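Student: To start, I am sharing the structure in question, which I have written as structure tokens.
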Amino acid sequence: MQISLIAWTCNEIQVQSMAIADAIFASRWYCLLDKEAIAYVHFMIVRAQKPLLMTIGPFGPMTTASALMVFKAAYSYVSIMKE
């Protein structure tokens, strides 16, 4: 249960972080009068192109696919130990 909740949360962080750039671009940022503010908006759009990822130490990012691999491995270990 914990692994599935963590994987879902990590997946939501990744999806929502990708939506940040779309939301900023959809706003009326081009109507800003201040050149410095426009530069900050450009910086935020560029920075938001790379998604935020939660990692599992040296094993890579925590996604629903990695959680599925953990479940498969746990099932394999349990089935081998029962035999």
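Numbering starts fresh at 1 for the residues of each chain in the structure tokens, the chains themselves are lettered A, B, ... in the order given, and ligands are numbered from 1 as they appear.
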With a distance cut-off of 9 Å and only C-alpha atoms, select the neighbouring residues of region 9-24 of chain A, excluding the residue or stretch itself and same-chain residues fewer than 3 positions from it, and output the selection as a list in words.
Tutor: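 My list of contacting residues is Ser4, Leu5, Ile6, Ser27, Arg28, Trp29, Val41, Met44, Ile45, Val46, Arg47, Ala48, Gln49, Lys50, Pro51, Leu52, Leu53, Met54, Thr55, Pro61, Met62, Thr63 and Thr64 of chain A.
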Student: Produce a file of the selected residues containing C-alpha atoms, as an mmCIF file, in the first residue's frame.
Tutor:
```cif
data_model
loop_
_atom_site.group_PDB
_atom_site.id
_atom_site.type_symbol
_atom_site.label_atom_id
_atom_site.label_comp_id
_atom_site.auth_asym_id
_atom_site.auth_seq_id
_atom_site.Cartn_x
_atom_site.Cartn_y
_atom_site.Cartn_z
ATOM 1 C CA SER A 4 1.584 2.440 -4.424
ATOM 2 C CA LEU A 5 0.818 5.678 -2.541
ATOM 3 C CA ILE A 6 4.391 6.905 -2.902
ATOM 4 C CA SER A 27 -1.360 33.309 -18.963
ATOM 5 C CA ARG A 28 -1.151 36.836 -20.314
ATOM 6 C CA TRP A 29 2.571 37.158 -19.557
ATOM 7 C CA VAL A 41 8.604 34.599 -16.858
ATOM 8 C CA MET A 44 10.302 30.099 -15.369
ATOM 9 C CA ILE A 45 9.006 28.695 -18.663
ATOM 10 C CA VAL A 46 12.446 27.377 -19.604
ATOM 11 C CA ARG A 47 13.027 25.917 -16.132
ATOM 12 C CA ALA A 48 9.620 24.231 -16.065
ATOM 13 C CA GLN A 49 10.366 22.276 -19.257
ATOM 14 C CA LYS A 50 12.266 19.678 -17.217
ATOM 15 C CA PRO A 51 9.918 17.776 -14.887
ATOM 16 C CA LEU A 52 10.518 17.420 -11.170
ATOM 17 C CA LEU A 53 11.375 13.842 -10.245
ATOM 18 C CA MET A 54 11.551 11.992 -6.952
ATOM 19 C CA THR A 55 14.373 9.453 -7.014
ATOM 20 C CA PRO A 61 13.262 8.169 -10.629
ATOM 21 C CA MET A 62 10.234 6.853 -8.738
ATOM 22 C CA THR A 63 7.421 6.391 -11.223
ATOM 23 C CA THR A 64 4.455 4.082 -11.532
#
```
Student: Enumerate the residues of chain A with a DSSP assignment of alpha helix (DSSP H), computed from the backbone, and present them as JSON, numbers by chain.
Tutor: {"A": [2, 3, 4, 5, 6, 7, 8, 9, 10, 11, 12, 13, 14, 15, 16, 17, 18, 19, 20, 21, 22, 23, 24, 25, 26, 35, 36, 37, 38, 39, 40, 41, 42, 43, 44, 45, 46, 47, 64, 65, 66, 67, 68, 69, 70, 71, 72, 73, 74, 75, 76, 77, 78, 79, 80, 81, 82]}
Student: Do you have the CA of Gly60 (chain A)-CA of Ile3 (chain A) distance handy?
Tutor: 15.2 Å
Student: Report the distance between CA of Ala73 (chain A) and CA of Met1 (chain A) in Å, rounded to one decimal place.
Tutor: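 Result for CA of Ala73 (chain A) versus CA of Met1 (chain A): 15.4 Å, one decimal.
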Student: Skipping near chain neighbours, those fewer than 4 positions away, what residues fall within 12 Å of Tyr30 (chain A) using only C-alpha atoms, listed as a VMD selection string?
Tutor: chain A and resid 24 to 26 34 to 35 37 to 42
Student: Between CA of Lys82 (chain A) and CA of Ser66 (chain A), what is the distance in Å, rounded to a tenth?
Tutor: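 Between these atoms lies a distance of 24.5 Å.
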